[in-house]
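Source file: model.cif; contents: mmCIF, C-alpha atoms and all ligand atoms.
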```cif
data_upload
loop_
_atom_site.label_atom_id
_atom_site.label_comp_id
_atom_site.auth_asym_id
_atom_site.auth_seq_id
_atom_site.Cartn_x
_atom_site.Cartn_y
_atom_site.Cartn_z
CA MET T 38 20.17 -74.09 -17.04
CA ARG T 39 17.87 -71.42 -15.59
CA ASN T 40 14.90 -72.33 -13.43
CA ILE T 41 11.46 -70.72 -13.49
CA CYS T 42 8.89 -70.98 -10.72
CA ILE T 43 5.30 -70.15 -11.75
CA PHE T 44 2.86 -68.71 -9.19
CA ALA T 45 -0.79 -69.12 -10.24
CA SER T 46 -4.19 -69.10 -8.54
CA GLY T 47 -6.56 -70.38 -11.22
CA GLY T 48 -6.90 -72.35 -14.41
CA GLY T 49 -3.35 -71.76 -15.51
CA THR T 50 -3.66 -71.39 -19.29
CA ASN T 51 -0.65 -69.05 -19.15
CA ALA T 52 1.26 -71.57 -17.07
CA GLU T 53 0.43 -74.20 -19.71
CA ALA T 54 1.67 -71.94 -22.54
CA ILE T 55 4.92 -71.27 -20.63
CA ILE T 56 5.49 -74.96 -19.86
CA GLN T 57 4.87 -75.92 -23.52
CA PHE T 58 7.13 -73.15 -24.83
CA PHE T 59 10.09 -74.18 -22.67
CA SER T 60 9.54 -77.94 -23.00
CA ASP T 61 11.99 -78.19 -25.92
CA LYS T 62 14.39 -75.47 -24.74
CA PRO T 63 17.39 -76.96 -22.95
CA LEU T 64 18.46 -73.70 -21.28
CA VAL T 65 15.26 -73.03 -19.34
CA ASN T 66 13.21 -75.28 -17.09
CA VAL T 67 9.91 -74.80 -15.23
CA CYS T 68 10.97 -76.32 -11.90
CA LEU T 69 8.05 -75.56 -9.57
CA ILE T 70 4.41 -74.42 -9.60
CA VAL T 71 3.14 -72.53 -6.56
CA SER T 72 -0.58 -71.95 -6.04
CA SER T 73 -2.63 -69.91 -3.60
CA ARG T 74 -5.59 -72.30 -3.98
CA LYS T 75 -5.64 -76.00 -3.37
CA ASP T 76 -8.39 -76.53 -5.96
CA ALA T 77 -6.70 -74.54 -8.73
CA TYR T 78 -6.61 -76.41 -12.05
CA VAL T 79 -3.03 -75.26 -12.54
CA LEU T 80 -2.06 -77.93 -9.98
CA LYS T 81 -3.48 -80.60 -12.27
CA ARG T 82 -1.44 -79.15 -15.12
CA ALA T 83 1.68 -79.39 -12.94
CA GLU T 84 0.89 -83.04 -12.24
CA ASN T 85 0.31 -83.76 -15.96
CA HIS T 86 3.75 -82.35 -16.76
CA HIS T 87 5.45 -84.00 -13.74
CA ILE T 88 6.38 -80.62 -12.32
CA PRO T 89 6.54 -80.36 -8.51
CA SER T 90 3.93 -78.08 -6.97
CA LEU T 91 2.94 -76.64 -3.63
CA VAL T 92 -0.07 -74.85 -2.17
CA LEU T 93 0.60 -71.78 -0.07
CA ASP T 94 -0.81 -71.11 3.34
CA ARG T 95 -1.87 -67.45 3.32
CA SER T 96 -0.62 -66.45 6.76
CA ALA T 97 2.65 -68.39 6.40
CA PHE T 98 3.19 -66.72 3.02
CA ARG T 99 2.67 -63.26 4.48
CA GLU T 100 4.14 -63.63 7.93
CA THR T 101 7.10 -66.00 7.54
CA GLU T 102 9.91 -66.29 5.05
CA ASN T 103 9.72 -70.10 4.91
CA LEU T 104 8.98 -70.06 1.19
CA LEU T 105 12.49 -68.70 0.48
CA GLU T 106 13.99 -71.98 1.65
CA THR T 107 11.84 -73.96 -0.83
CA LEU T 108 12.66 -71.60 -3.69
CA LYS T 109 16.35 -71.99 -2.84
CA GLU T 110 16.06 -75.80 -2.77
CA HIS T 111 14.61 -75.66 -6.29
CA ALA T 112 17.32 -73.18 -7.38
CA VAL T 113 14.70 -70.75 -8.68
CA ASP T 114 16.15 -67.96 -10.85
CA LEU T 115 12.92 -66.25 -11.92
CA ILE T 116 9.42 -66.13 -10.42
CA VAL T 117 6.59 -65.74 -12.93
CA LEU T 118 3.18 -64.60 -11.71
CA ALA T 119 0.62 -66.02 -14.14
CA GLY T 120 -2.80 -65.21 -12.71
CA PHE T 121 -1.56 -65.04 -9.11
CA MET T 122 -4.05 -63.11 -6.99
CA TRP T 123 -2.14 -62.31 -3.78
CA LEU T 124 0.12 -59.36 -3.14
CA VAL T 125 3.78 -60.42 -3.15
CA PRO T 126 5.27 -59.76 0.30
CA THR T 127 8.25 -57.42 0.72
CA TYR T 128 10.66 -60.20 1.78
CA LEU T 129 10.07 -61.99 -1.53
CA VAL T 130 10.53 -58.85 -3.65
CA ALA T 131 13.75 -58.15 -1.73
CA ALA T 132 15.04 -61.71 -2.25
CA TYR T 133 14.31 -61.62 -6.02
CA PRO T 134 15.04 -58.06 -7.19
CA ASN T 135 13.94 -57.69 -10.83
CA LYS T 136 13.51 -61.46 -10.80
CA ILE T 137 9.70 -61.50 -10.45
CA VAL T 138 7.49 -60.76 -13.46
CA ASN T 139 3.73 -60.46 -13.66
CA ILE T 140 1.19 -60.39 -16.46
CA HIS T 141 -1.78 -58.07 -16.15
CA PRO T 142 -4.80 -58.30 -18.51
CA ALA T 143 -5.02 -54.56 -19.33
CA LEU T 144 -2.88 -51.63 -20.37
CA LEU T 145 -1.39 -50.43 -17.09
CA PRO T 146 -1.40 -47.96 -15.40
CA LYS T 147 -5.11 -48.05 -16.23
CA TYR T 148 -7.28 -50.81 -14.76
CA GLY T 149 -4.69 -52.01 -12.25
CA GLY T 150 -4.44 -52.17 -8.47
CA LYS T 151 -6.18 -54.11 -5.73
CA GLY T 152 -9.33 -55.92 -6.86
CA MET T 153 -8.47 -55.51 -10.54
CA TYR T 154 -8.05 -59.07 -11.72
CA GLY T 155 -9.58 -61.41 -14.26
CA SER T 156 -13.11 -60.53 -15.36
CA HIS T 157 -13.26 -57.42 -13.11
CA VAL T 158 -10.68 -55.84 -15.39
CA HIS T 159 -12.57 -56.65 -18.60
CA GLU T 160 -15.88 -55.43 -17.13
CA ALA T 161 -14.25 -52.12 -16.18
CA VAL T 162 -12.64 -51.70 -19.62
CA ILE T 163 -15.97 -52.32 -21.40
CA SER T 164 -17.98 -50.11 -19.01
CA ALA T 165 -15.54 -47.26 -19.65
CA GLY T 166 -16.12 -47.59 -23.42
CA GLU T 167 -12.43 -48.16 -24.19
CA LYS T 168 -11.63 -48.78 -27.86
CA LYS T 169 -8.57 -50.83 -27.03
CA SER T 170 -7.24 -53.00 -24.27
CA GLY T 171 -4.28 -55.34 -24.01
CA ILE T 172 -1.71 -56.91 -21.74
CA THR T 173 1.10 -55.57 -19.61
CA ILE T 174 4.11 -57.66 -18.61
CA HIS T 175 6.02 -55.96 -15.82
CA TYR T 176 8.48 -56.43 -12.97
CA VAL T 177 6.90 -56.84 -9.57
CA ASN T 178 7.37 -54.61 -6.57
CA GLU T 179 5.46 -54.58 -3.28
CA HIS T 180 2.49 -52.69 -4.74
CA TYR T 181 -0.16 -54.22 -6.98
CA ASP T 182 0.64 -53.67 -10.69
CA GLU T 183 3.18 -50.86 -10.19
CA GLY T 184 6.58 -52.31 -11.15
CA ALA T 185 8.49 -51.24 -14.27
CA ILE T 186 6.79 -52.22 -17.52
CA ILE T 187 8.69 -54.63 -19.79
CA VAL T 188 6.22 -55.02 -22.68
CA GLN T 189 2.65 -54.10 -23.60
CA ALA T 190 0.57 -55.48 -26.49
CA THR T 191 -2.85 -54.26 -27.55
CA CYS T 192 -6.09 -55.54 -29.03
CA GLU T 193 -9.26 -53.83 -30.19
CA VAL T 194 -12.37 -53.63 -28.05
CA THR T 195 -15.46 -53.64 -30.27
CA PRO T 196 -19.02 -52.60 -29.29
CA GLU T 197 -19.99 -56.29 -29.49
CA ASP T 198 -17.38 -57.39 -26.96
CA THR T 199 -18.48 -58.92 -23.66
CA PRO T 200 -16.15 -59.48 -20.69
CA GLU T 201 -15.92 -63.11 -21.87
CA SER T 202 -15.01 -62.33 -25.48
CA LEU T 203 -12.50 -59.72 -24.37
CA ALA T 204 -10.98 -62.21 -21.92
CA GLU T 205 -10.55 -64.58 -24.85
CA LYS T 206 -8.71 -61.96 -26.93
CA ILE T 207 -6.52 -61.08 -23.96
CA HIS T 208 -5.68 -64.73 -23.29
CA GLN T 209 -4.58 -65.13 -26.91
CA LEU T 210 -2.27 -62.12 -26.60
CA GLU T 211 -0.92 -63.44 -23.31
CA HIS T 212 -0.13 -66.89 -24.67
CA GLN T 213 1.52 -65.35 -27.72
CA HIS T 214 3.77 -62.91 -25.83
CA PHE T 215 4.37 -64.04 -22.26
CA PRO T 216 6.63 -67.09 -22.86
CA ARG T 217 8.90 -65.13 -25.25
CA VAL T 218 9.17 -62.18 -22.90
CA ILE T 219 10.06 -64.52 -20.04
CA GLU T 220 12.74 -66.10 -22.21
CA GLY T 221 14.18 -62.64 -22.92
CA VAL T 222 14.24 -61.72 -19.23
CA ILE T 223 15.71 -64.98 -17.98
CA LEU T 224 18.45 -65.34 -20.62
CA ARG T 225 19.49 -61.70 -20.52
C1 LIG T 301 -4.77 -63.83 -16.96
O1 LIG T 301 -5.57 -63.17 -17.89
C2 LIG T 301 -3.90 -62.84 -16.21
O2 LIG T 301 -3.54 -61.72 -16.98
C3 LIG T 301 -4.82 -62.43 -15.09
O3 LIG T 301 -5.44 -63.63 -14.70
C4 LIG T 301 -5.61 -64.46 -15.85
C5 LIG T 301 -5.15 -65.86 -15.49
O4 LIG T 301 -5.49 -66.75 -16.53
N1 LIG T 301 -4.08 -61.82 -14.02
C6 LIG T 301 -4.59 -60.85 -13.26
O5 LIG T 301 -5.71 -60.43 -13.38
C7 LIG T 301 -3.61 -60.31 -12.22
N2 LIG T 301 -4.08 -59.05 -11.70
P1 LIG T 301 -4.87 -68.21 -16.58
O6 LIG T 301 -5.08 -68.84 -15.19
O7 LIG T 301 -5.68 -68.92 -17.61
O8 LIG T 301 -3.41 -68.11 -16.93
#
```
Would you put the structure from the file into structure tokens?
Ligand code: GAR
Amino acid sequence: MRNICIFASGGGTNAEAIIQFFSDKPLVNVCLIVSSRKDAYVLKRAENHHIPSLVLDRSAFRETENLLETLKEHAVDLIVLAGFMWLVPTYLVAAYPNKIVNIHPALLPKYGGKGMYGSHVHEAVISAGEKKSGITIHYVNEHYDEGAIIVQATCEVTPEDTPESLAEKIHQLEHQHFPRVIEGVILR
């Protein structure tokens, strides 16, 4: 049995897709949900699925290594960032080398870095007149969106697209690919 911990800051549709995907897979278990926001809907999803969760304190997350103890207690093998908006501190990257994966809603290295999250990304892609966008699933290092790329998938951006409609297309791609890629990484 391998254990996944999901870090998420928002609604958690990716977290939901991951939980559903692994719900009938005996080798992989979502053991913990960690959120940076106490009002994040992903915490409700955790409750619905009877998965333990915790809300991070920002300064404790950055300035102490207390979280490592909790991750150890839950025997976490892989950390999955699914809409997690904080930079991952160095101590965590060092403790989980190539064991933290992130999903980014654009084709990195374009439209990544600090401040590039959620709708900001889609607005930038549309303003630039891009004809395609997509998702990037990558390993995490201590810089925003810079770790080695595992998989990218693309979709078309049409002249009619708005940030909302593009977000919808991107979410569909994410839900389709992310759980399978996680399975590949964790069972490798
Ligand atoms: C996803 O589109 C994810 O790619 C993006 O946040 C969304 C979370 O949606 N992540 C980033 O922008 C990270 N820079 P969800 O809460 O419905 O899974």
Quiz prompt | Test item: residues no farther than 9 Å from ligand LIG 301 (chain T), counting all atoms listed in the file, as a ChimeraX atom specification | solution = /T:45-54,77-79,118-123,139-143,149-158,172-174,181-182,204-205,207-208,211-212
Exercise. Place a sphere of radius 8 Å on (5.4, -49.0, -15.2) in the file coordinates and name every protein, DNA or RNA residue with an atom inside or on its surface, counting only C-alpha atoms; give the answer as an MDAnalysis selection string.
Key: chainID T and resid 145:146 175 183:187
Self-check item: Coordinates-based distance that separates atom CA of T:Arg225 from atom CA of T:Ser72 (Å, one decimal)
Solution: 26.8 Å
Quiz prompt | Nearest residue to T:Ser60 from the set T:Ala112, T:Glu179, T:Asp198, T:His86 (distances using only C-alpha atoms) | solution = T:His86
Could you list, as an mmCIF file with C-alpha atoms, in the coordinates of the input, every residue within 10 Å of T:His111, counting all atoms listed in the file and ignoring same-chain residues fewer than 5 positions away?
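Everything below was put into part21.cif:
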```cif
data_model
loop_
_atom_site.group_PDB
_atom_site.id
_atom_site.type_symbol
_atom_site.label_atom_id
_atom_site.label_comp_id
_atom_site.auth_asym_id
_atom_site.auth_seq_id
_atom_site.Cartn_x
_atom_site.Cartn_y
_atom_site.Cartn_z
ATOM 1 C CA ASN T 40 14.900 -72.330 -13.430
ATOM 2 C CA ILE T 41 11.460 -70.720 -13.490
ATOM 3 C CA CYS T 42 8.890 -70.980 -10.720
ATOM 4 C CA CYS T 68 10.970 -76.320 -11.900
ATOM 5 C CA LEU T 69 8.050 -75.560 -9.570
ATOM 6 C CA PRO T 89 6.540 -80.360 -8.510
ATOM 7 C CA LEU T 105 12.490 -68.700 0.480
ATOM 8 C CA GLU T 106 13.990 -71.980 1.650
#
```
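Taking atom CA of T:Thr191 as the reference point, atom CA of T:Leu203 is found at 11.5 Å.
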Self-check item: Sphere at (-7.8, -53.9, -26.7), radius 10 Å, counting only C-alpha atoms: residues as a list in words
Solution: Pro142, Ala143, Leu144, His159, Val162, Ile163, Glu167, Lys168, Lys169, Ser170, Gly171, Ile172, Ala190, Thr191, Cys192, Glu193, Val194, Thr195, Leu203, Lys206, Ile207 and Leu210 of chain T
Quiz prompt | Selected residue, from T:Met38, T:Ala83, T:Leu91, T:Ala131, that lies nearest to T:Lys62 when counting all atoms listed in the file | solution =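 Closest residue, counting all atoms listed in the file: T:Met38.
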Quiz prompt | Nearest residue to T:Leu93 from the set T:Asp61, T:Glu220, T:Glu197, T:Asp76 (distances using all atoms listed in the file) | solution =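 Selected residue with least distance to T:Leu93: T:Asp76.
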Exercise. Using all atoms listed in the file, pick whichever of T:Arg39, T:Thr107, T:Val188, T:Ile223 has the shortest atom-to-atom distance to T:Pro63.
Key: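 Ranking T:Arg39, T:Thr107, T:Val188, T:Ile223 by distance to T:Pro63, first place goes to T:Arg39.
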Practice problem: Would you mind reading off the distance between atom CA of T:Leu124 and atom CA of T:Gln57, one decimal, in Å? | Solution: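 Interatomic distance here is 26.7 Å.
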Exercise. Using all atoms listed in the file, find the one residue out of T:Ile70, T:Ile55, T:Asn103, T:Ile137 that sits nearest to T:Glu84.
Key: T:Ile70
Practice problem: Point out the residue among T:Lys147, T:Arg82, T:Val117, T:Ala97 with the least atom-to-atom distance to T:Ala165, counting all atoms listed in the file. | Solution: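 When distances to T:Ala165 are compared using all atoms listed in the file, the smallest one comes from T:Lys147.
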Quiz item: Skipping near chain neighbours, those fewer than 5 positions away, what residues fall within 12 Å of T:Tyr133 using all atoms listed in the file, listed as a PyMOL selection string?
Solution: chain T and resi 42+105+108-109+113-117+125-128+138+176-179
Please write the residues from the selection above to a file, keeping C-alpha atoms, as a compact mmCIF listing (two decimals), keeping the file's coordinate frame.
```txt
# COMPACT_ATOMS: atom_id res chain seq x y z
CA CYS T 42 8.89 -70.98 -10.72
CA LEU T 105 12.49 -68.70 0.48
CA LEU T 108 12.66 -71.60 -3.69
CA LYS T 109 16.35 -71.99 -2.84
CA VAL T 113 14.70 -70.75 -8.68
CA ASP T 114 16.15 -67.96 -10.85
CA LEU T 115 12.92 -66.25 -11.92
CA ILE T 116 9.42 -66.13 -10.42
CA VAL T 117 6.59 -65.74 -12.93
CA VAL T 125 3.78 -60.42 -3.15
CA PRO T 126 5.27 -59.76 0.30
CA THR T 127 8.25 -57.42 0.72
CA TYR T 128 10.66 -60.20 1.78
CA VAL T 138 7.49 -60.76 -13.46
CA TYR T 176 8.48 -56.43 -12.97
CA VAL T 177 6.90 -56.84 -9.57
CA ASN T 178 7.37 -54.61 -6.57
CA GLU T 179 5.46 -54.58 -3.28
```
Have stretch 180-191 of chain T completed to all heavy atoms, please, and pass it along as a PDB file, keeping the file's coordinate frame.
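Writing done, so here's rebuild10.pdb:
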```pdb
ATOM      1  N   HIS T 180       3.826 -53.239  -4.512  1.00  0.00           N
ATOM      2  CA  HIS T 180       2.490 -52.690  -4.740  1.00  0.00           C
ATOM      3  C   HIS T 180       1.863 -53.402  -5.932  1.00  0.00           C
ATOM      4  O   HIS T 180       2.556 -53.747  -6.879  1.00  0.00           O
ATOM      5  CB  HIS T 180       2.581 -51.188  -5.056  1.00  0.00           C
ATOM      6  CG  HIS T 180       3.310 -50.428  -3.987  1.00  0.00           C
ATOM      7  ND1 HIS T 180       2.752 -50.151  -2.774  1.00  0.00           N
ATOM      8  CD2 HIS T 180       4.571 -49.932  -3.950  1.00  0.00           C
ATOM      9  CE1 HIS T 180       3.636 -49.509  -2.031  1.00  0.00           C
ATOM     10  NE2 HIS T 180       4.745 -49.364  -2.710  1.00  0.00           N
ATOM     11  N   TYR T 181       0.539 -53.559  -5.883  1.00  0.00           N
ATOM     12  CA  TYR T 181      -0.160 -54.220  -6.980  1.00  0.00           C
ATOM     13  C   TYR T 181       0.088 -53.472  -8.305  1.00  0.00           C
ATOM     14  O   TYR T 181      -0.189 -52.259  -8.397  1.00  0.00           O
ATOM     15  CB  TYR T 181      -1.679 -54.205  -6.734  1.00  0.00           C
ATOM     16  CG  TYR T 181      -2.192 -55.301  -5.833  1.00  0.00           C
ATOM     17  CD1 TYR T 181      -2.718 -54.999  -4.582  1.00  0.00           C
ATOM     18  CD2 TYR T 181      -2.190 -56.636  -6.231  1.00  0.00           C
ATOM     19  CE1 TYR T 181      -3.224 -55.997  -3.745  1.00  0.00           C
ATOM     20  CE2 TYR T 181      -2.690 -57.636  -5.410  1.00  0.00           C
ATOM     21  CZ  TYR T 181      -3.201 -57.311  -4.173  1.00  0.00           C
ATOM     22  OH  TYR T 181      -3.697 -58.305  -3.366  1.00  0.00           O
ATOM     23  N   ASP T 182       0.605 -54.151  -9.299  1.00  0.00           N
ATOM     24  CA  ASP T 182       0.640 -53.670 -10.690  1.00  0.00           C
ATOM     25  C   ASP T 182       1.438 -52.383 -10.911  1.00  0.00           C
ATOM     26  O   ASP T 182       1.138 -51.621 -11.824  1.00  0.00           O
ATOM     27  CB  ASP T 182      -0.801 -53.458 -11.218  1.00  0.00           C
ATOM     28  CG  ASP T 182      -1.644 -54.716 -11.073  1.00  0.00           C
ATOM     29  OD1 ASP T 182      -1.078 -55.814 -11.212  1.00  0.00           O
ATOM     30  OD2 ASP T 182      -2.849 -54.592 -10.798  1.00  0.00           O
ATOM     31  N   GLU T 183       2.456 -52.144 -10.070  1.00  0.00           N
ATOM     32  CA  GLU T 183       3.180 -50.860 -10.190  1.00  0.00           C
ATOM     33  C   GLU T 183       4.621 -50.981 -10.641  1.00  0.00           C
ATOM     34  O   GLU T 183       5.283 -49.973 -10.841  1.00  0.00           O
ATOM     35  CB  GLU T 183       3.134 -50.108  -8.847  1.00  0.00           C
ATOM     36  CG  GLU T 183       1.790 -49.483  -8.580  1.00  0.00           C
ATOM     37  CD  GLU T 183       1.785 -48.597  -7.351  1.00  0.00           C
ATOM     38  OE1 GLU T 183       2.866 -48.266  -6.839  1.00  0.00           O
ATOM     39  OE2 GLU T 183       0.674 -48.265  -6.918  1.00  0.00           O
ATOM     40  N   GLY T 184       5.163 -52.177 -10.773  1.00  0.00           N
ATOM     41  CA  GLY T 184       6.580 -52.310 -11.150  1.00  0.00           C
ATOM     42  C   GLY T 184       6.833 -51.873 -12.591  1.00  0.00           C
ATOM     43  O   GLY T 184       5.895 -51.683 -13.383  1.00  0.00           O
ATOM     44  N   ALA T 185       8.113 -51.735 -12.933  1.00  0.00           N
ATOM     45  CA  ALA T 185       8.490 -51.240 -14.270  1.00  0.00           C
ATOM     46  C   ALA T 185       7.939 -52.141 -15.374  1.00  0.00           C
ATOM     47  O   ALA T 185       8.014 -53.377 -15.292  1.00  0.00           O
ATOM     48  CB  ALA T 185      10.008 -51.182 -14.372  1.00  0.00           C
ATOM     49  N   ILE T 186       7.409 -51.474 -16.412  1.00  0.00           N
ATOM     50  CA  ILE T 186       6.790 -52.220 -17.520  1.00  0.00           C
ATOM     51  C   ILE T 186       7.873 -52.749 -18.465  1.00  0.00           C
ATOM     52  O   ILE T 186       8.804 -52.024 -18.838  1.00  0.00           O
ATOM     53  CB  ILE T 186       5.798 -51.303 -18.272  1.00  0.00           C
ATOM     54  CG1 ILE T 186       4.584 -51.026 -17.362  1.00  0.00           C
ATOM     55  CG2 ILE T 186       5.351 -51.933 -19.596  1.00  0.00           C
ATOM     56  CD1 ILE T 186       3.594 -50.015 -17.908  1.00  0.00           C
ATOM     57  N   ILE T 187       7.753 -54.013 -18.837  1.00  0.00           N
ATOM     58  CA  ILE T 187       8.690 -54.630 -19.790  1.00  0.00           C
ATOM     59  C   ILE T 187       8.101 -54.538 -21.209  1.00  0.00           C
ATOM     60  O   ILE T 187       8.769 -54.086 -22.132  1.00  0.00           O
ATOM     61  CB  ILE T 187       8.960 -56.108 -19.422  1.00  0.00           C
ATOM     62  CG1 ILE T 187       9.458 -56.225 -17.975  1.00  0.00           C
ATOM     63  CG2 ILE T 187       9.976 -56.738 -20.397  1.00  0.00           C
ATOM     64  CD1 ILE T 187       9.445 -57.644 -17.423  1.00  0.00           C
ATOM     65  N   VAL T 188       6.855 -54.985 -21.358  1.00  0.00           N
ATOM     66  CA  VAL T 188       6.220 -55.020 -22.680  1.00  0.00           C
ATOM     67  C   VAL T 188       4.704 -54.828 -22.532  1.00  0.00           C
ATOM     68  O   VAL T 188       4.109 -55.329 -21.568  1.00  0.00           O
ATOM     69  CB  VAL T 188       6.466 -56.404 -23.362  1.00  0.00           C
ATOM     70  CG1 VAL T 188       5.476 -56.662 -24.470  1.00  0.00           C
ATOM     71  CG2 VAL T 188       7.866 -56.502 -23.937  1.00  0.00           C
ATOM     72  N   GLN T 189       4.107 -54.123 -23.500  1.00  0.00           N
ATOM     73  CA  GLN T 189       2.650 -54.100 -23.600  1.00  0.00           C
ATOM     74  C   GLN T 189       2.258 -54.515 -25.017  1.00  0.00           C
ATOM     75  O   GLN T 189       3.017 -54.283 -25.968  1.00  0.00           O
ATOM     76  CB  GLN T 189       2.095 -52.699 -23.313  1.00  0.00           C
ATOM     77  CG  GLN T 189       2.287 -52.317 -21.845  1.00  0.00           C
ATOM     78  CD  GLN T 189       1.625 -51.014 -21.456  1.00  0.00           C
ATOM     79  OE1 GLN T 189       1.885 -49.998 -22.091  1.00  0.00           O
ATOM     80  NE2 GLN T 189       0.809 -51.040 -20.413  1.00  0.00           N
ATOM     81  N   ALA T 190       1.106 -55.137 -25.157  1.00  0.00           N
ATOM     82  CA  ALA T 190       0.570 -55.480 -26.490  1.00  0.00           C
ATOM     83  C   ALA T 190      -0.916 -55.166 -26.437  1.00  0.00           C
ATOM     84  O   ALA T 190      -1.547 -55.300 -25.385  1.00  0.00           O
ATOM     85  CB  ALA T 190       0.802 -56.949 -26.796  1.00  0.00           C
ATOM     86  N   THR T 191      -1.461 -54.742 -27.562  1.00  0.00           N
ATOM     87  CA  THR T 191      -2.850 -54.260 -27.550  1.00  0.00           C
ATOM     88  C   THR T 191      -3.774 -55.096 -28.438  1.00  0.00           C
ATOM     89  O   THR T 191      -3.325 -55.791 -29.354  1.00  0.00           O
ATOM     90  CB  THR T 191      -2.926 -52.792 -28.045  1.00  0.00           C
ATOM     91  OG1 THR T 191      -2.440 -52.757 -29.380  1.00  0.00           O
ATOM     92  CG2 THR T 191      -2.103 -51.866 -27.186  1.00  0.00           C
TER      93      THR T 191
END
```
